[in-house]
file entry.pdb (PDB, C-alpha atoms)
ATOM      1  CA  MET A 894       0.000   0.000   0.000
ATOM      2  CA  ILE A 895       1.295   3.435  -0.923
ATOM      3  CA  ASP A 896       0.366   6.354   1.318
ATOM      4  CA  PRO A 897      -0.513   9.693  -0.344
ATOM      5  CA  LEU A 898       2.584  11.465   0.967
ATOM      6  CA  ALA A 899       4.886   8.850  -0.575
ATOM      7  CA  ALA A 900       2.981   9.013  -3.869
ATOM      8  CA  ILE A 901       3.035  12.830  -3.924
ATOM      9  CA  ASN A 902       6.737  12.905  -3.094
ATOM     10  CA  SER A 903       7.382  10.438  -5.885
ATOM     11  CA  TYR A 904       5.248  12.370  -8.366
ATOM     12  CA  ILE A 905       6.854  15.709  -7.569
ATOM     13  CA  SER A 906      10.421  14.433  -7.641
ATOM     14  CA  ASP A 907       9.681  12.960 -11.076
ATOM     15  CA  SER A 908       8.070  16.171 -12.325
ATOM     16  CA  ASP A 909      11.258  18.264 -12.684
ATOM     17  CA  SER A 910       9.131  21.210 -11.576
ATOM     18  CA  GLY A 911      11.519  22.171  -8.830
ATOM     19  CA  ALA A 912       8.635  22.053  -6.369
ATOM     20  CA  THR A 913       9.191  20.687  -2.869
ATOM     21  CA  VAL A 914       6.933  18.944  -0.371
ATOM     22  CA  ASP A 915       6.695  19.572   3.348
ATOM     23  CA  SER A 916       4.413  17.574   5.572
ATOM     24  CA  SER A 917       2.833  17.663   8.988
ATOM     25  CA  LEU A 918       1.364  14.267   9.750
ATOM     26  CA  ASN A 919       0.555  14.670  13.437
ATOM     27  CA  ASP A 920      -3.087  15.753  13.600
ATOM     28  CA  TRP A 921      -2.645  17.495  16.943
ATOM     29  CA  ASN A 922       0.695  19.256  16.488
ATOM     30  CA  PHE A 923      -0.832  22.634  15.698
ATOM     31  CA  ALA A 924       2.473  24.479  16.014
ATOM     32  CA  ASN A 925       3.922  22.419  13.184
ATOM     33  CA  ILE A 926       0.708  22.710  11.128
ATOM     34  CA  ASP A 927       1.001  26.489  11.461
ATOM     35  CA  LYS A 928       4.687  26.432  10.555
ATOM     36  CA  VAL A 929       4.332  24.315   7.415
ATOM     37  CA  GLY A 930       1.089  26.010   6.437
ATOM     38  CA  ALA A 931       2.691  29.450   6.691
ATOM     39  CA  TYR A 932       5.232  28.890   3.942
ATOM     40  CA  ALA A 933       3.380  26.453   1.688
ATOM     41  CA  ASP A 934       1.930  27.824  -1.545
ATOM     42  CA  ALA A 935      -0.787  25.153  -1.503
ATOM     43  CA  CYS A 936      -2.031  22.801   1.218
ATOM     44  CA  LEU A 937      -3.415  19.318   0.792
ATOM     45  CA  VAL A 938      -5.238  18.107   3.904
ATOM     46  CA  PHE A 939      -5.981  14.412   4.357
ATOM     47  CA  ALA A 940      -8.504  13.230   6.910
ATOM     48  CA  SER A 941     -10.783  10.239   7.346
ATOM     49  CA  ALA A 942     -13.795   9.025   9.278
ATOM     50  CA  ASP A 943     -13.557   5.333  10.180
ATOM     51  CA  SER A 944     -16.122   2.762  11.236
ATOM     52  CA  GLY A 945     -16.187  -1.001  11.664
ATOM     53  CA  GLU A 946     -17.796  -4.101  13.086
ATOM     54  CA  GLY A 947     -19.512  -4.158  16.456
ATOM     55  CA  TYR A 948     -17.296  -6.646  18.298
ATOM     56  CA  LEU A 949     -14.529  -4.042  18.441
ATOM     57  CA  THR A 950     -14.965  -0.574  19.925
ATOM     58  CA  VAL A 951     -12.687   2.232  18.749
ATOM     59  CA  ASP A 952     -12.738   5.635  20.469
ATOM     60  CA  GLY A 953     -16.131   4.762  21.943
ATOM     61  CA  ASN A 954     -17.590   3.712  18.584
ATOM     62  CA  PRO A 955     -18.899   0.118  18.755
ATOM     63  CA  GLY A 956     -18.653  -0.570  15.023
ATOM     64  CA  ASP A 957     -21.224   1.912  13.775
ATOM     65  CA  ARG A 958     -20.337   5.501  14.515
ATOM     66  CA  LYS A 959     -22.083   7.140  17.453
ATOM     67  CA  ASN A 960     -21.238  10.662  16.272
ATOM     68  CA  LEU A 961     -19.495  12.635  13.558
ATOM     69  CA  THR A 962     -16.527  13.730  15.632
ATOM     70  CA  PHE A 963     -13.924  13.016  12.984
ATOM     71  CA  VAL A 964     -15.922  14.850  10.356
ATOM     72  CA  LEU A 965     -16.259  17.924  12.537
ATOM     73  CA  PHE A 966     -12.580  17.669  13.284
ATOM     74  CA  LEU A 967     -11.896  17.486   9.577
ATOM     75  CA  LEU A 968     -13.787  20.740   8.937
ATOM     76  CA  GLU A 969     -11.939  22.570  11.694
ATOM     77  CA  TYR A 970      -8.719  21.118  10.453
ATOM     78  CA  VAL A 971      -9.334  22.127   6.850
ATOM     79  CA  ASP A 972     -10.239  25.638   7.988
ATOM     80  CA  LEU A 973      -7.095  25.835  10.054
ATOM     81  CA  ALA A 974      -4.895  24.724   7.188
ATOM     82  CA  LEU A 975      -6.658  26.910   4.655
ATOM     83  CA  THR A 976      -6.278  30.061   6.743
ATOM     84  CA  ARG A 977      -2.533  29.628   6.406
ATOM     85  CA  LEU A 978      -2.890  29.984   2.648
ATOM     86  CA  ALA A 979      -3.916  33.633   2.917
ATOM     87  CA  PRO A 980      -1.039  35.906   1.861
TER      88      PRO A 980
ATOM     89  CA  MET B 651     -35.780  -4.420   5.549
ATOM     90  CA  LEU B 652     -39.512  -3.852   5.070
ATOM     91  CA  PHE B 653     -40.215  -4.917   8.680
ATOM     92  CA  ARG B 654     -38.592  -8.317   8.341
ATOM     93  CA  VAL B 655     -35.038  -9.580   8.899
ATOM     94  CA  ALA B 656     -33.131  -9.894   5.617
ATOM     95  CA  GLY B 657     -32.569 -13.661   5.822
ATOM     96  CA  GLU B 658     -36.270 -14.481   5.735
ATOM     97  CA  ASN B 659     -37.451 -11.517   3.691
ATOM     98  CA  SER B 660     -39.264 -13.126   0.782
ATOM     99  CA  LYS B 661     -40.261  -9.813  -0.766
ATOM    100  CA  VAL B 662     -36.648  -8.678  -1.013
ATOM    101  CA  LEU B 663     -34.888 -12.007  -1.732
ATOM    102  CA  ASN B 664     -37.436 -13.918  -3.812
ATOM    103  CA  GLY B 665     -39.338 -10.929  -5.179
ATOM    104  CA  ILE B 666     -36.849  -8.181  -5.928
ATOM    105  CA  LEU B 667     -33.499  -9.989  -6.064
ATOM    106  CA  LYS B 668     -34.281 -13.357  -7.626
ATOM    107  CA  SER B 669     -37.343 -12.411  -9.713
ATOM    108  CA  GLU B 670     -37.184  -8.753 -10.735
ATOM    109  CA  MET B 671     -33.386  -8.613 -10.936
ATOM    110  CA  ASN B 672     -33.135 -12.240 -12.112
ATOM    111  CA  PHE B 673     -30.225 -12.962  -9.754
ATOM    112  CA  GLN B 674     -28.959 -16.484 -10.500
ATOM    113  CA  GLY B 675     -26.452 -16.729  -7.664
ATOM    114  CA  PHE B 676     -27.026 -17.821  -4.076
ATOM    115  CA  VAL B 677     -27.929 -15.868  -0.953
ATOM    116  CA  THR B 678     -25.874 -16.644   2.131
ATOM    117  CA  SER B 679     -26.369 -15.468   5.683
ATOM    118  CA  ASP B 680     -23.790 -13.630   7.728
ATOM    119  CA  TRP B 681     -22.543 -15.406  10.847
ATOM    120  CA  THR B 682     -25.211 -15.561  13.565
ATOM    121  CA  SER B 683     -27.721 -13.952  11.202
ATOM    122  CA  LEU B 684     -30.198 -16.734  10.525
ATOM    123  CA  VAL B 685     -33.041 -16.466  13.023
ATOM    124  CA  SER B 686     -35.226 -19.316  11.783
ATOM    125  CA  GLY B 687     -35.169 -22.534   9.790
ATOM    126  CA  VAL B 688     -38.312 -22.837   7.677
ATOM    127  CA  ASN B 689     -38.946 -19.101   7.280
ATOM    128  CA  SER B 690     -35.382 -18.482   6.122
ATOM    129  CA  ALA B 691     -35.496 -21.305   3.571
ATOM    130  CA  LEU B 692     -38.849 -20.062   2.242
ATOM    131  CA  GLY B 693     -37.707 -16.434   2.466
ATOM    132  CA  GLY B 694     -34.889 -16.968  -0.007
ATOM    133  CA  THR B 695     -31.727 -17.721   1.981
ATOM    134  CA  ASP B 696     -29.800 -20.495   0.229
ATOM    135  CA  MET B 697     -26.805 -20.996   2.520
ATOM    136  CA  ASN B 698     -26.374 -20.734   6.266
ATOM    137  CA  MET B 699     -23.266 -19.599   8.103
ATOM    138  CA  PRO B 700     -22.525 -20.602  11.707
ATOM    139  CA  GLY B 701     -24.821 -18.995  14.219
ATOM    140  CA  TYR B 702     -27.094 -19.331  17.167
ATOM    141  CA  VAL B 703     -29.528 -22.100  17.842
ATOM    142  CA  VAL B 704     -32.357 -22.048  20.345
ATOM    143  CA  ILE B 705     -32.002 -24.559  23.131
ATOM    144  CA  PRO B 706     -35.198 -25.078  25.141
ATOM    145  CA  LEU B 707     -34.605 -25.090  28.888
ATOM    146  CA  SER B 708     -38.197 -25.828  29.798
ATOM    147  CA  LEU B 709     -40.953 -27.910  28.241
ATOM    148  CA  ASN B 710     -43.241 -24.948  27.586
ATOM    149  CA  LEU B 711     -40.408 -22.938  26.014
ATOM    150  CA  THR B 712     -40.699 -20.122  28.531
ATOM    151  CA  HIS B 713     -36.952 -20.358  29.053
ATOM    152  CA  VAL B 714     -34.645 -20.738  26.099
ATOM    153  CA  LEU B 715     -30.921 -20.384  25.680
ATOM    154  CA  LEU B 716     -29.291 -18.925  22.594
ATOM    155  CA  ARG B 717     -26.026 -20.725  22.077
ATOM    156  CA  PHE B 718     -23.474 -20.167  19.346
ATOM    157  CA  LYS B 719     -22.902 -23.344  17.406
ATOM    158  CA  SER B 720     -21.261 -24.086  14.115
ATOM    159  CA  TYR B 721     -20.716 -27.134  12.007
ATOM    160  CA  GLY B 722     -17.292 -28.417  12.913
ATOM    161  CA  ASN B 723     -17.879 -27.884  16.622
ATOM    162  CA  PRO B 724     -19.278 -30.434  19.017
ATOM    163  CA  PRO B 725     -21.840 -31.876  19.182
ATOM    164  CA  ASP B 726     -21.061 -32.677  15.613
ATOM    165  CA  LEU B 727     -21.893 -35.510  13.316
ATOM    166  CA  PRO B 728     -20.139 -36.642  10.127
ATOM    167  CA  ASN B 729     -23.301 -36.139   8.093
ATOM    168  CA  PRO B 730     -24.592 -32.521   7.970
ATOM    169  CA  ALA B 731     -28.084 -33.854   7.308
ATOM    170  CA  GLU B 732     -28.065 -35.333  10.828
ATOM    171  CA  SER B 733     -26.585 -32.278  12.520
ATOM    172  CA  ASP B 734     -28.692 -30.589  15.208
ATOM    173  CA  ASN B 735     -26.349 -27.652  15.879
ATOM    174  CA  THR B 736     -27.922 -25.384  13.239
ATOM    175  CA  PHE B 737     -31.378 -24.115  12.270
ATOM    176  CA  TRP B 738     -31.053 -26.356   9.214
ATOM    177  CA  GLY B 739     -29.153 -29.658   9.227
ATOM    178  CA  LYS B 740     -31.556 -32.374  10.320
ATOM    179  CA  PHE B 741     -34.277 -29.774  10.934
ATOM    180  CA  LEU B 742     -34.280 -28.823   7.247
ATOM    181  CA  VAL B 743     -34.615 -32.497   6.346
ATOM    182  CA  GLU B 744     -37.582 -32.700   8.699
ATOM    183  CA  ALA B 745     -39.113 -29.543   7.189
ATOM    184  CA  VAL B 746     -38.908 -31.022   3.688
ATOM    185  CA  VAL B 747     -40.308 -34.387   4.818
ATOM    186  CA  ASN B 748     -43.278 -32.798   6.588
ATOM    187  CA  GLY B 749     -43.959 -30.464   3.668
ATOM    188  CA  SER B 750     -43.052 -27.174   5.339
ATOM    189  CA  VAL B 751     -40.355 -26.612   2.696
ATOM    190  CA  ALA B 752     -40.989 -27.900  -0.847
ATOM    191  CA  ALA B 753     -38.429 -30.337  -2.253
ATOM    192  CA  GLU B 754     -38.118 -28.005  -5.257
ATOM    193  CA  ARG B 755     -36.990 -25.240  -2.932
ATOM    194  CA  LEU B 756     -34.353 -27.545  -1.428
ATOM    195  CA  ASP B 757     -33.138 -28.382  -4.960
ATOM    196  CA  ASP B 758     -32.903 -24.644  -5.679
ATOM    197  CA  MET B 759     -30.887 -24.103  -2.494
ATOM    198  CA  VAL B 760     -28.409 -26.729  -3.691
ATOM    199  CA  ILE B 761     -28.297 -25.763  -7.372
ATOM    200  CA  ARG B 762     -27.544 -22.096  -6.754
ATOM    201  CA  PRO B 763     -24.276 -22.549  -4.796
ATOM    202  CA  PHE B 764     -23.171 -25.336  -7.136
ATOM    203  CA  ALA B 765     -23.875 -23.165 -10.176
ATOM    204  CA  ALA B 766     -21.429 -20.638  -8.706
ATOM    205  CA  TYR B 767     -18.982 -23.475  -8.005
ATOM    206  CA  TYR B 768     -19.009 -24.544 -11.653
ATOM    207  CA  LYS B 769     -19.095 -20.974 -12.970
ATOM    208  CA  MET B 770     -15.806 -20.314 -11.190
ATOM    209  CA  LYS B 771     -14.476 -23.658 -12.534
ATOM    210  CA  GLN B 772     -13.809 -24.897  -9.026
ATOM    211  CA  ASP B 773     -14.075 -28.451 -10.338
ATOM    212  CA  SER B 774     -11.043 -27.816 -12.567
ATOM    213  CA  LYS B 775      -7.723 -29.352 -11.556
ATOM    214  CA  SER B 776      -6.071 -25.975 -12.197
ATOM    215  CA  PHE B 777      -8.288 -24.236  -9.632
ATOM    216  CA  PRO B 778      -5.993 -23.196  -6.771
ATOM    217  CA  LYS B 779      -6.133 -25.309  -3.648
ATOM    218  CA  LEU B 780      -7.585 -23.798  -0.480
ATOM    219  CA  ASN B 781      -4.809 -21.653   0.943
ATOM    220  CA  PHE B 782      -6.205 -20.165   4.086
ATOM    221  CA  ASP B 783      -6.659 -21.024   7.732
ATOM    222  CA  VAL B 784      -9.122 -19.085   9.832
ATOM    223  CA  ILE B 785      -7.218 -20.023  12.981
ATOM    224  CA  THR B 786      -3.878 -18.450  12.056
ATOM    225  CA  SER B 787      -2.246 -16.082   9.588
ATOM    226  CA  ALA B 788       1.043 -17.979   9.962
ATOM    227  CA  ALA B 789       2.111 -20.689   7.534
ATOM    228  CA  LYS B 790       1.261 -23.471  10.000
ATOM    229  CA  ARG B 791      -1.008 -23.917  12.945
ATOM    230  CA  PRO B 792       0.841 -23.939  16.265
ATOM    231  CA  GLY B 793       2.104 -27.448  16.878
ATOM    232  CA  SER B 794       1.361 -28.592  13.344
ATOM    233  CA  ASN B 795       3.736 -29.430  10.516
ATOM    234  CA  ASP B 796       1.067 -29.035   7.844
ATOM    235  CA  VAL B 797       1.442 -25.873   5.787
ATOM    236  CA  THR B 798      -1.997 -24.296   5.511
ATOM    237  CA  ASN B 799      -0.923 -20.909   4.168
ATOM    238  CA  GLU B 800       1.536 -20.716   1.299
ATOM    239  CA  PHE B 801       1.020 -16.942   0.930
ATOM    240  CA  VAL B 802       0.078 -17.157  -2.724
ATOM    241  CA  ASN B 803       0.095 -13.738  -4.385
ATOM    242  CA  VAL B 804      -3.275 -13.337  -6.093
ATOM    243  CA  GLN B 805      -2.953  -9.631  -6.859
ATOM    244  CA  ALA B 806      -2.334 -10.060 -10.611
ATOM    245  CA  ASP B 807      -3.106  -6.687 -12.232
ATOM    246  CA  HIS B 808      -5.914  -5.837  -9.806
ATOM    247  CA  LYS B 809      -4.205  -2.522  -9.043
ATOM    248  CA  LYS B 810      -5.490  -1.241 -12.379
ATOM    249  CA  ILE B 811      -9.119  -1.627 -11.385
ATOM    250  CA  ILE B 812      -8.381  -0.419  -7.838
ATOM    251  CA  ARG B 813      -6.921   2.743  -9.353
ATOM    252  CA  GLU B 814      -9.932   3.104 -11.653
ATOM    253  CA  VAL B 815     -12.441   2.628  -8.828
ATOM    254  CA  ALA B 816     -10.581   5.114  -6.616
ATOM    255  CA  ALA B 817     -10.537   7.748  -9.355
ATOM    256  CA  ALA B 818     -14.202   7.174 -10.219
ATOM    257  CA  GLY B 819     -15.107   7.389  -6.528
ATOM    258  CA  THR B 820     -13.416  10.741  -5.977
ATOM    259  CA  VAL B 821     -15.862  13.622  -5.801
ATOM    260  CA  LEU B 822     -14.738  17.196  -6.357
ATOM    261  CA  LEU B 823     -17.231  19.296  -4.387
ATOM    262  CA  LYS B 824     -15.977  22.691  -5.472
ATOM    263  CA  ASN B 825     -12.963  24.222  -7.153
ATOM    264  CA  GLU B 826     -12.877  27.864  -6.201
ATOM    265  CA  LYS B 827     -10.526  30.112  -8.175
ATOM    266  CA  LYS B 828      -9.586  27.039 -10.213
ATOM    267  CA  ALA B 829      -7.218  25.888  -7.458
ATOM    268  CA  LEU B 830      -7.079  22.449  -9.088
ATOM    269  CA  PRO B 831      -5.252  21.033 -10.861
ATOM    270  CA  LEU B 832      -2.175  22.300  -9.067
ATOM    271  CA  LYS B 833       0.374  23.936 -11.329
ATOM    272  CA  LEU B 834       3.823  22.998 -10.083
ATOM    273  CA  GLY B 835       6.821  25.267 -10.517
ATOM    274  CA  LYS B 836       7.750  28.913 -10.114
ATOM    275  CA  GLY B 837       5.858  32.075 -10.957
ATOM    276  CA  ALA B 838       2.428  33.548 -10.359
ATOM    277  CA  GLY B 839      -0.210  30.973  -9.402
ATOM    278  CA  ALA B 840       2.316  28.143  -9.372
ATOM    279  CA  VAL B 841       3.046  25.901  -6.403
ATOM    280  CA  GLU B 842       6.690  25.823  -5.448
ATOM    281  CA  ARG B 843       6.191  24.522  -1.926
ATOM    282  CA  LEU B 844       3.414  22.053  -1.276
ATOM    283  CA  GLY B 845       2.199  21.318   2.243
ATOM    284  CA  VAL B 846       0.705  17.896   3.047
ATOM    285  CA  PHE B 847      -1.260  17.581   6.290
ATOM    286  CA  GLY B 848      -2.911  14.900   8.347
ATOM    287  CA  SER B 849      -2.083  11.430   9.663
ATOM    288  CA  ASP B 850      -4.280  10.026   6.879
ATOM    289  CA  ALA B 851      -1.645  11.155   4.370
ATOM    290  CA  GLY B 852       1.183   9.164   5.890
ATOM    291  CA  PRO B 853       2.409   5.681   6.720
ATOM    292  CA  HIS B 854       1.074   3.519   9.553
ATOM    293  CA  PRO B 855       3.175   3.773  12.701
ATOM    294  CA  ALA B 856       2.769   0.061  13.476
ATOM    295  CA  GLY B 857       2.769  -1.074   9.839
ATOM    296  CA  PRO B 858      -0.253  -1.108   7.524
ATOM    297  CA  ASN B 859      -1.771  -4.261   9.022
ATOM    298  CA  PHE B 860      -1.490  -3.385  12.704
ATOM    299  CA  CYS B 861      -2.540  -0.883  15.361
ATOM    300  CA  THR B 862      -0.178   0.680  17.885
ATOM    301  CA  THR B 863      -2.685  -0.297  20.582
ATOM    302  CA  GLY B 864      -2.228  -3.952  19.690
ATOM    303  CA  LEU B 865      -5.947  -4.339  18.990
ATOM    304  CA  PRO B 866      -6.737  -6.820  16.183
ATOM    305  CA  ASP B 867      -8.488  -6.396  12.838
ATOM    306  CA  ARG B 868      -7.543  -2.758  12.201
ATOM    307  CA  ALA B 869      -9.409  -1.468  15.278
ATOM    308  CA  CYS B 870      -7.795   1.944  14.997
ATOM    309  CA  ASN B 871      -7.478   4.816  12.567
ATOM    310  CA  GLU B 872      -3.758   5.311  12.122
ATOM    311  CA  GLY B 873      -2.075   6.330   8.905
ATOM    312  CA  THR B 874      -3.788   6.105   5.533
ATOM    313  CA  LEU B 875      -7.225   4.600   6.039
ATOM    314  CA  ALA B 876      -7.532   1.648   3.672
ATOM    315  CA  MET B 877     -10.459  -0.199   5.226
ATOM    316  CA  GLY B 878     -12.784  -0.120   8.204
ATOM    317  CA  TRP B 879     -12.241  -2.416  11.174
ATOM    318  CA  GLY B 880     -13.704  -5.840  11.759
ATOM    319  CA  SER B 881     -13.645  -9.491  10.795
ATOM    320  CA  GLY B 882     -13.629  -8.728   7.065
ATOM    321  CA  THR B 883     -10.222  -7.068   7.070
ATOM    322  CA  ALA B 884      -7.466  -8.454   4.878
ATOM    323  CA  ASN B 885      -3.758  -7.820   5.122
ATOM    324  CA  VAL B 886      -1.939  -5.744   2.547
ATOM    325  CA  ARG B 887       1.646  -6.206   1.490
ATOM    326  CA  SER B 888       3.711  -3.955   3.706
ATOM    327  CA  VAL B 889       6.732  -3.750   1.427
ATOM    328  CA  TRP B 890       6.307  -2.375  -2.044
ATOM    329  CA  PRO B 891       9.073  -1.749  -4.572
ATOM    330  CA  CYS B 892       9.531   1.976  -5.125
ATOM    331  CA  TYR B 893       9.396   1.735  -8.903
ATOM    332  CA  ASP B 894       5.802   0.464  -8.740
ATOM    333  CA  SER B 895       4.637   3.663  -7.111
ATOM    334  CA  HIS B 896       6.256   5.640  -9.924
ATOM    335  CA  ALA B 897       4.346   3.777 -12.611
ATOM    336  CA  ASP B 898       1.229   5.943 -12.429
TER     337      ASP B 898
END

call {"tool": "encode", "arguments": {"input": "entry.pdb", "output": "structure tokens"}}
result
Amino acid sequence: MIDPLAAINSYISDSDSGATVDSSLNDWNFANIDKVGAYADACLVFASADSGEGYLTVDGNPGDRKNLTFVLFLLEYVDLALTRLAP
Amino acid sequence: MLFRVAGENSKVLNGILKSEMNFQGFVTSDWTSLVSGVNSALGGTDMNMPGYVVIPLSLNLTHVLLRFKSYGNPPDLPNPAESDNTFWGKFLVEAVVNGSVAAERLDDMVIRPFAAYYKMKQDSKSFPKLNFDVITSAAKRPGSNDVTNEFVNVQADHKKIIREVAAAGTVLLKNEKKALPLKLGKGAGAVERLGVFGSDAGPHPAGPNFCTTGLPDRACNEGTLAMGWGSGTANVRSVWPCYDSHAD
């Protein structure tokens, strides 16, 4: 399985565009998100909302989701990253 | 569905699926999903997975026990038609004999799975041998010398259709100021430095098939999300040659 960052890195290094990639993979390291977001010309934000089967409970979700926490988080996160795009 | 459990829902299985849509395959239950014998057979279920059976604890059935049983577990008998650890087994034989389930329906329940068996050429000598053990993902069961998993690579060129499905499933909700596609390089409107954010963009800290918590069956959301969690998860190859990722 190829993660998006590896694929993007590969694509850009093959592109001869001279562009570079910086990443901030820790969802909760806001200082680093701010830092990378401040000097990036464009931001790609990856987030997901997971669910599963009832015999395993993840973050209080017994299979089916009990709320939309990750989705709300995604929106806040996208907003946060996008505000860094403003010149 | 329509006020009736799926496994005995004649309107959905016999009416919509097998008649209107002319589905020629077979309908199988999930584990523990069959809730009846006769009604499920008449409702359109063709195959039964392991599940619960009702064990009467009193003569007037005021107390019953639901117990998980599956063929292959005791009390078990060599002949499935004599087995009493399922809603079917010997009870289906009885239902056909006493007329509750027509013999034609029983024939249909047998023909449908076997039609799939022959369609996939499972009777052919070149059909791969079973290469899977539900008990272990190792090559052998603990304490056994028999190899039950030879780790046969069945990927073939499936990545082409995976790529196609992923692209077709991507929805662009809006594209303000024509931000996409990104123009890489220098100059006005070009992207010289690209920022990538979020744990979903990166590798899995414990490897793609595991969780840092040690929980089984992908019961976590770490790294790129490839599948939800549960018993249906399958392992992906964790090592991939770099040149493959360049191909697209």

call {"tool": "interface_residues", "arguments": {"input": "entry.pdb", "of": "chain A", "to": "chain B", "cutoff": "8 Å", "atoms": "only C-alpha atoms", "output": "MDAnalysis selection string"}}
result
chainID A and resid 894:900 903:904 910:920 926 929:930 932:941 943:951 956

call {"tool": "resolve_selection", "arguments": {"input": "entry.pdb", "expression": "the PyMOL selection byres ((chain B and resi 751) around 12)", "output": "ChimeraX atom specification"}}
result
/B:687-694,738,741-750,752-759

call {"tool": "closest_atom_pairs", "arguments": {"input": "entry.pdb", "of": "segment 760-850 of chain B", "to": "segment 665-679 of chain B", "cutoff": "7 Å", "atoms": "only C-alpha atoms", "output": "JSON lines"}}
result
{"residue": "B:Arg762", "atom": "CA", "partner": "B:Phe676", "partner_atom": "CA", "distance": 5.1}
{"residue": "B:Pro763", "atom": "CA", "partner": "B:Phe676", "partner_atom": "CA", "distance": 5.5}
{"residue": "B:Ala766", "atom": "CA", "partner": "B:Gly675", "partner_atom": "CA", "distance": 6.4}

call {"tool": "resolve_selection", "arguments": {"input": "entry.pdb", "expression": "the PyMOL selection byres ((chain B and resi 698) around 9)", "output": "list of chain:residue names"}}
result
B:Val677, B:Thr678, B:Ser679, B:Asp680, B:Trp681, B:Ser683, B:Leu684, B:Thr695, B:Asp696, B:Met697, B:Met699, B:Pro700, B:Gly701, B:Thr736, B:Phe737, B:Trp738

call {"tool": "atom_distance", "arguments": {"input": "entry.pdb", "atom1": "atom CA of Val685 of chain B", "atom2": "atom CA of Phe653 of chain B"}}
result
14.3 Å

call {"tool": "atom_distance", "arguments": {"input": "entry.pdb", "atom1": "atom CA of Leu780 of chain B", "atom2": "atom CA of Phe801 of chain B"}}
result
11.1 Å

call {"tool": "atom_distance", "arguments": {"input": "entry.pdb", "atom1": "atom CA of Ala765 of chain B", "atom2": "atom CA of Ala656 of chain B"}}
result
22.6 Å

call {"tool": "closest_residue", "arguments": {"input": "entry.pdb", "among": "B:Thr862, B:Asn664, B:Gly739, B:Arg654", "to": "Val703 of chain B", "atoms": "only C-alpha atoms"}}
result
B:Gly739

call {"tool": "resolve_selection", "arguments": {"input": "entry.pdb", "expression": "the PyMOL selection byres ((chain B and resi 802-813) around 10)", "output": "mmCIF file with C-alpha atoms, keeping the file's coordinate frame"}}
result
data_model
loop_
_atom_site.group_PDB
_atom_site.id
_atom_site.type_symbol
_atom_site.label_atom_id
_atom_site.label_comp_id
_atom_site.auth_asym_id
_atom_site.auth_seq_id
_atom_site.Cartn_x
_atom_site.Cartn_y
_atom_site.Cartn_z
ATOM 1 C CA PRO B 778 -5.993 -23.196 -6.771
ATOM 2 C CA ASN B 781 -4.809 -21.653 0.943
ATOM 3 C CA PHE B 782 -6.205 -20.165 4.086
ATOM 4 C CA ASN B 799 -0.923 -20.909 4.168
ATOM 5 C CA GLU B 800 1.536 -20.716 1.299
ATOM 6 C CA PHE B 801 1.020 -16.942 0.930
ATOM 7 C CA GLU B 814 -9.932 3.104 -11.653
ATOM 8 C CA VAL B 815 -12.441 2.628 -8.828
ATOM 9 C CA ALA B 816 -10.581 5.114 -6.616
ATOM 10 C CA ALA B 817 -10.537 7.748 -9.355
ATOM 11 C CA ALA B 818 -14.202 7.174 -10.219
ATOM 12 C CA GLY B 819 -15.107 7.389 -6.528
ATOM 13 C CA ARG B 887 1.646 -6.206 1.490
ATOM 14 C CA ASP B 898 1.229 5.943 -12.429
#

call {"tool": "build_atoms", "arguments": {"input": "entry.pdb", "residues": "segment 923-933 of chain A", "atoms": "N, CA and C atoms", "output": "mmCIF file, keeping the file's coordinate frame"}}
result
data_model
loop_
_atom_site.group_PDB
_atom_site.id
_atom_site.type_symbol
_atom_site.label_atom_id
_atom_site.label_comp_id
_atom_site.auth_asym_id
_atom_site.auth_seq_id
_atom_site.Cartn_x
_atom_site.Cartn_y
_atom_site.Cartn_z
ATOM 1 N N PHE A 923 -0.378 21.420 16.374
ATOM 2 C CA PHE A 923 -0.832 22.634 15.698
ATOM 3 C C PHE A 923 0.309 23.598 15.399
ATOM 4 N N ALA A 924 1.335 23.594 16.255
ATOM 5 C CA ALA A 924 2.473 24.479 16.014
ATOM 6 C C ALA A 924 3.122 24.127 14.681
ATOM 7 N N ASN A 925 3.289 22.853 14.438
ATOM 8 C CA ASN A 925 3.922 22.419 13.184
ATOM 9 C C ASN A 925 3.001 22.648 11.980
ATOM 10 N N ILE A 926 1.672 22.430 12.195
ATOM 11 C CA ILE A 926 0.708 22.710 11.128
ATOM 12 C C ILE A 926 0.812 24.180 10.731
ATOM 13 N N ASP A 927 0.869 25.054 11.722
ATOM 14 C CA ASP A 927 1.001 26.489 11.461
ATOM 15 C C ASP A 927 2.287 26.781 10.700
ATOM 16 N N LYS A 928 3.378 26.153 11.142
ATOM 17 C CA LYS A 928 4.687 26.432 10.555
ATOM 18 C C LYS A 928 4.714 26.039 9.073
ATOM 19 N N VAL A 929 4.301 24.788 8.807
ATOM 20 C CA VAL A 929 4.332 24.315 7.415
ATOM 21 C C VAL A 929 3.308 25.072 6.577
ATOM 22 N N GLY A 930 2.134 25.305 7.163
ATOM 23 C CA GLY A 930 1.089 26.010 6.437
ATOM 24 C C GLY A 930 1.485 27.429 6.079
ATOM 25 N N ALA A 931 2.333 28.057 6.911
ATOM 26 C CA ALA A 931 2.691 29.450 6.691
ATOM 27 C C ALA A 931 3.530 29.643 5.432
ATOM 28 N N TYR A 932 4.374 28.673 5.119
ATOM 29 C CA TYR A 932 5.232 28.890 3.942
ATOM 30 C C TYR A 932 4.849 28.035 2.737
ATOM 31 N N ALA A 933 3.807 27.238 2.855
ATOM 32 C CA ALA A 933 3.380 26.453 1.688
ATOM 33 C C ALA A 933 2.550 27.317 0.740
#
